[in-house]
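> Mind looking over this structure? Questions follow.
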Amino acid sequence: MKVLFDIGATQIRVAVSADNQIISNPIVFPTPQEFNQGITQIQQAALKLSQGQKIEAAAGGIPGPLNKQKNYVANFPNIADWNNKPLKQSLEQALGSSVFLENDASLVGLGEAVVGAGKNKKIVAYITVSTGVGGARIVQGKIDQKAGDFEIGHQIIVPNGSICGCQGLGHLEAYLSGSAIEKKYHQKPESIKDGAVWEEMAKFLAIGINNTIVYWSPEIIVLGGGVMKAISLDKVKLYLQEIFTIFPEIPPIELNTLGDTGGLYGALEYLKQNSR
Ligand SMILES: [Zn+2]
């Protein structure tokens, strides 16, 4: 039995796969403020789902930058108690198996590239627009080699521009993200009905996609994340057409197809590639 998890800043999802293909319905619960409680709840969910069968390995995504050895989250968004805790080791003890941690956007991108919107494409650029902006480059069904993490939300799009959550200036995430919208308009993104705001978001996203295409040369761009629900894909393509000049054709731009389970499918694929 393989255990798959997705630790988010607000929710944790846990699922299992018995046959390396089909994923069980996930157990979903709010991310506890206390690290130890989080480990216990993941353990309980995994034991319930695996119904006494041996857990062979586990993998899952985490929402902040991993340290180099990939065993803990260096900067967990909004929940200080999870910072710098021995996440990998604690989960290995709790589950009695080896555990692999990976950046959550990389796992969602992997899932979308293997069984979702990017299926059968050799180079997939995944971009997620939610509380922050993240992404991943997937090459031939694998997360592309990386020395750090992919951090496309922190590309500079305006010199000396608005301050980003990372303290940098003019980053994409400071203009195009749930947190940027909340900061500027003092409302949750889901309650903003003003079309002009979403028009502006489409423009910023087009800039981010332009830069992603020229750096990553993808065959397809897959877009995901909660804030994408309010941004018009047609508008994004329109603005991109205005600014994108270097190639005669823009690669296809698609919405994700796996929804909330993208990270779990990515975790399963990651386990197939990395555990033995
Ligand atoms: Zn930044």
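Going through the structure tokens in order, the chains are called A, B, and so on, while each chain numbers its residues from 1 and the ligands are numbered from 1 in the order shown.
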Check every protein, DNA and RNA residue against ligand 1, keep those with an atom at most 8 Å away (counting only C-alpha atoms and all ligand atoms), and present them as a compact mmCIF listing (two decimals) with C-alpha atoms, in the first residue's frame.


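For reference, out.txt as written:
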```
# COMPACT_ATOMS: atom_id res chain seq x y z
CA GLY A 153 6.12 33.63 -8.52
CA HIS A 154 9.29 35.51 -7.61
CA GLN A 155 10.32 36.59 -11.11
CA ILE A 163 6.72 44.48 -2.16
CA CYS A 164 6.31 40.69 -2.25
CA GLY A 165 5.70 38.37 0.72
CA CYS A 166 9.38 37.36 0.37
CA GLN A 167 10.37 41.06 0.81
CA GLY A 168 11.58 41.34 -2.80
CA LEU A 169 10.28 44.14 -5.02
CA GLY A 170 8.15 43.86 -8.16
CA HIS A 171 7.68 40.07 -8.14
CA LEU A 172 4.87 38.45 -10.14
CA GLU A 173 3.30 37.14 -6.91
CA ALA A 174 3.01 40.72 -5.58
```

> Do a neighbour search on Ile123 (chain A) at 6 Å with only C-alpha atoms, toss out local chain neighbours closer than 5 positions, and write the hits as an MDAnalysis selection string.

chainID A and resid 138:139 218:219

> Got a sec: who's within 10 Å of Ile181 (chain A), counting only C-alpha atoms, leaving out chain neighbours fewer than 3 positions off, as a VMD selection string?

chain A and resid 131 173 to 178 184 to 189 192 197 to 198 201 227

> Each residue of region 141-196 of chain A with at least one atom at most 12 Å from region 253-268 of chain A should appear once, together with its nearest atom pair and the corresponding distance in Å (one decimal); atoms considered: only C-alpha atoms; ordering: chain, then increasing residue number; output as a tab-separated table.


```
residue	atom	partner	partner_atom	distance
A:Gly141	CA	A:Gly266	CA	10.1
A:Lys142	CA	A:Gly266	CA	9.7
A:Ile143	CA	A:Gly266	CA	9.6
```

> Restricting the calculation to only C-alpha atoms: of A:Val28, A:Leu101, A:Ala45, A:Ile246, which residue gets closest to Lys68 (chain A)?

A:Leu101

> Please list as a PDB file with N, CA and C atoms, in the first residue's frame every residue within 10 Å of Asn20 (chain A), counting only C-alpha atoms and excluding residues in the same chain fewer than 2 positions away.


```pdb
ATOM      1  N   MET A   1       0.841  -1.197   0.000  1.00  0.00           N
ATOM      2  CA  MET A   1       0.000   0.000   0.000  1.00  0.00           C
ATOM      3  C   MET A   1       0.883   1.257   0.000  1.00  0.00           C
ATOM      4  N   LYS A   2       0.575   2.195  -0.897  1.00  0.00           N
ATOM      5  CA  LYS A   2       1.316   3.457  -0.946  1.00  0.00           C
ATOM      6  C   LYS A   2       0.449   4.551  -0.307  1.00  0.00           C
ATOM      7  N   VAL A  16      -4.596   6.668  -0.354  1.00  0.00           N
ATOM      8  CA  VAL A  16      -3.712   5.506  -0.551  1.00  0.00           C
ATOM      9  C   VAL A  16      -3.939   4.950  -1.951  1.00  0.00           C
ATOM     10  N   SER A  17      -2.957   4.172  -2.399  1.00  0.00           N
ATOM     11  CA  SER A  17      -3.122   3.436  -3.651  1.00  0.00           C
ATOM     12  C   SER A  17      -2.621   2.019  -3.431  1.00  0.00           C
ATOM     13  N   ALA A  18      -3.473   1.048  -3.759  1.00  0.00           N
ATOM     14  CA  ALA A  18      -3.101  -0.353  -3.575  1.00  0.00           C
ATOM     15  C   ALA A  18      -2.441  -0.909  -4.830  1.00  0.00           C
ATOM     16  N   ILE A  22      -4.876   3.436  -9.130  1.00  0.00           N
ATOM     17  CA  ILE A  22      -6.104   4.036  -8.619  1.00  0.00           C
ATOM     18  C   ILE A  22      -5.829   4.607  -7.226  1.00  0.00           C
ATOM     19  N   ILE A  23      -6.363   5.798  -7.005  1.00  0.00           N
ATOM     20  CA  ILE A  23      -6.180   6.474  -5.721  1.00  0.00           C
ATOM     21  C   ILE A  23      -7.508   6.460  -4.976  1.00  0.00           C
ATOM     22  N   TYR A 265      -1.905  12.443  -7.342  1.00  0.00           N
ATOM     23  CA  TYR A 265      -1.440  11.691  -8.526  1.00  0.00           C
ATOM     24  C   TYR A 265       0.061  11.927  -8.748  1.00  0.00           C
ATOM     25  N   LEU A 268       1.993   9.818  -6.297  1.00  0.00           N
ATOM     26  CA  LEU A 268       2.032   8.407  -6.695  1.00  0.00           C
ATOM     27  C   LEU A 268       3.079   8.187  -7.792  1.00  0.00           C
ATOM     28  N   GLU A 269       3.084   9.080  -8.778  1.00  0.00           N
ATOM     29  CA  GLU A 269       4.073   8.968  -9.857  1.00  0.00           C
ATOM     30  C   GLU A 269       5.495   9.141  -9.299  1.00  0.00           C
ATOM     31  N   LEU A 271       6.549   8.389  -6.361  1.00  0.00           N
ATOM     32  CA  LEU A 271       6.928   7.147  -5.671  1.00  0.00           C
ATOM     33  C   LEU A 271       7.353   6.057  -6.660  1.00  0.00           C
ATOM     34  N   LYS A 272       6.611   5.961  -7.771  1.00  0.00           N
ATOM     35  CA  LYS A 272       6.972   4.954  -8.773  1.00  0.00           C
ATOM     36  C   LYS A 272       8.374   5.200  -9.279  1.00  0.00           C
TER      37      LYS A 272
END
```

> Please build the interface table for region 4-66 of chain A against region 85-99 of chain A with a cut-off of 6 Å, listing for each qualifying residue the nearest atom pair and the distance in Å to one decimal; count only C-alpha atoms, order rows by chain and increasing number, and write it as JSON lines.


```
{"residue": "A:Gln43", "atom": "CA", "partner": "A:Ala94", "partner_atom": "CA", "distance": 5.8}
{"residue": "A:Glu56", "atom": "CA", "partner": "A:Ser97", "partner_atom": "CA", "distance": 5.8}
{"residue": "A:Ala57", "atom": "CA", "partner": "A:Ser98", "partner_atom": "CA", "distance": 5.1}
{"residue": "A:Ala58", "atom": "CA", "partner": "A:Val99", "partner_atom": "CA", "distance": 4.7}
{"residue": "A:Ala59", "atom": "CA", "partner": "A:Val99", "partner_atom": "CA", "distance": 5.4}
```

> What is the CA of Val158 (chain A)-CA of Leu205 (chain A) distance in Å, reported with one decimal?

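Here the two named atoms are 13.3 Å from each other.
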
> Got a sec: who's within 9 Å of Asp149 (chain A), counting only C-alpha atoms, leaving out chain neighbours fewer than 2 positions off, as a ChimeraX atom specification?

/A:65-66,103,106,136,146-147,151

> Pick out the closest residue to Ala196 (chain A) from this set: A:Ile55, A:Ile231, A:Phe247, A:Arg137. Count only C-alpha atoms.

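The shortest atom-to-atom distance to Ala196 (chain A) comes from A:Ile231.
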
> Check the DSSP output for the backbone and give back, as a PyMOL selection string, the residues of region 95-204 of chain A in strand (DSSP E).

chain A and resi 98-103+123-129+133-139+142-143

> Those selected residues, please, written with N, CA and C atoms and delivered as an mmCIF file, in the first residue's frame.


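To be explicit, this is the file written out as part_22.cif:
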```cif
data_model
loop_
_atom_site.group_PDB
_atom_site.id
_atom_site.type_symbol
_atom_site.label_atom_id
_atom_site.label_comp_id
_atom_site.auth_asym_id
_atom_site.auth_seq_id
_atom_site.Cartn_x
_atom_site.Cartn_y
_atom_site.Cartn_z
ATOM 1 N N SER A 98 9.437 4.385 4.355
ATOM 2 C CA SER A 98 10.183 5.548 3.876
ATOM 3 C C SER A 98 9.193 6.598 3.376
ATOM 4 N N VAL A 99 9.594 7.868 3.492
ATOM 5 C CA VAL A 99 8.723 8.985 3.118
ATOM 6 C C VAL A 99 9.513 9.942 2.229
ATOM 7 N N PHE A 100 8.893 10.379 1.137
ATOM 8 C CA PHE A 100 9.522 11.335 0.236
ATOM 9 C C PHE A 100 8.735 12.633 0.262
ATOM 10 N N LEU A 101 9.445 13.745 0.447
ATOM 11 C CA LEU A 101 8.803 15.063 0.431
ATOM 12 C C LEU A 101 9.221 15.799 -0.842
ATOM 13 N N GLU A 102 8.281 16.549 -1.400
ATOM 14 C CA GLU A 102 8.601 17.344 -2.582
ATOM 15 C C GLU A 102 7.757 18.612 -2.531
ATOM 16 N N ASN A 103 8.209 19.633 -3.220
ATOM 17 C CA ASN A 103 7.438 20.872 -3.326
ATOM 18 C C ASN A 103 6.052 20.577 -3.918
ATOM 19 N N ILE A 123 7.340 18.377 -22.728
ATOM 20 C CA ILE A 123 7.756 19.421 -21.783
ATOM 21 C C ILE A 123 6.528 20.206 -21.350
ATOM 22 N N VAL A 124 6.203 20.103 -20.076
ATOM 23 C CA VAL A 124 5.012 20.750 -19.534
ATOM 24 C C VAL A 124 5.443 21.835 -18.548
ATOM 25 N N ALA A 125 4.896 23.032 -18.730
ATOM 26 C CA ALA A 125 5.089 24.088 -17.721
ATOM 27 C C ALA A 125 3.782 24.191 -16.945
ATOM 28 N N TYR A 126 3.849 23.925 -15.643
ATOM 29 C CA TYR A 126 2.661 24.048 -14.797
ATOM 30 C C TYR A 126 2.774 25.343 -14.004
ATOM 31 N N ILE A 127 1.696 26.125 -14.007
ATOM 32 C CA ILE A 127 1.672 27.378 -13.233
ATOM 33 C C ILE A 127 0.427 27.362 -12.355
ATOM 34 N N THR A 128 0.613 27.594 -11.066
ATOM 35 C CA THR A 128 -0.532 27.649 -10.155
ATOM 36 C C THR A 128 -0.693 29.064 -9.601
ATOM 37 N N VAL A 129 -1.927 29.562 -9.666
ATOM 38 C CA VAL A 129 -2.236 30.884 -9.116
ATOM 39 C C VAL A 129 -3.228 30.672 -7.977
ATOM 40 N N VAL A 133 1.954 32.288 -6.098
ATOM 41 C CA VAL A 133 2.108 31.796 -7.469
ATOM 42 C C VAL A 133 3.285 30.826 -7.479
ATOM 43 N N GLY A 134 3.044 29.629 -8.018
ATOM 44 C CA GLY A 134 4.113 28.632 -8.080
ATOM 45 C C GLY A 134 4.138 27.981 -9.434
ATOM 46 N N GLY A 135 5.049 27.046 -9.597
ATOM 47 C CA GLY A 135 5.101 26.367 -10.884
ATOM 48 C C GLY A 135 6.133 25.274 -10.905
ATOM 49 N N ALA A 136 6.150 24.549 -12.011
ATOM 50 C CA ALA A 136 7.132 23.481 -12.162
ATOM 51 C C ALA A 136 7.319 23.157 -13.633
ATOM 52 N N ARG A 137 8.537 22.740 -13.969
ATOM 53 C CA ARG A 137 8.832 22.268 -15.327
ATOM 54 C C ARG A 137 8.943 20.751 -15.276
ATOM 55 N N ILE A 138 8.138 20.084 -16.092
ATOM 56 C CA ILE A 138 8.116 18.622 -16.118
ATOM 57 C C ILE A 138 8.611 18.174 -17.496
ATOM 58 N N VAL A 139 9.640 17.351 -17.519
ATOM 59 C CA VAL A 139 10.230 16.916 -18.785
ATOM 60 C C VAL A 139 10.125 15.403 -18.896
ATOM 61 N N LYS A 142 8.889 13.585 -15.878
ATOM 62 C CA LYS A 142 9.613 13.706 -14.606
ATOM 63 C C LYS A 142 9.775 15.183 -14.235
ATOM 64 N N ILE A 143 9.807 15.452 -12.922
ATOM 65 C CA ILE A 143 10.110 16.814 -12.489
ATOM 66 C C ILE A 143 11.511 17.130 -12.991
#
```

> Just the number, please: distance in Å from CA of Glu34 (chain A) to CA of Gly226 (chain A), one decimal.

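One can read the CA of Glu34 (chain A) to CA of Gly226 (chain A) distance as 25.3 Å.
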
> Taking only C-alpha atoms into account, name the residue in A:Val222, A:Ile7, A:Val14, A:Val236 that is nearest to Ser50 (chain A).

A:Val14
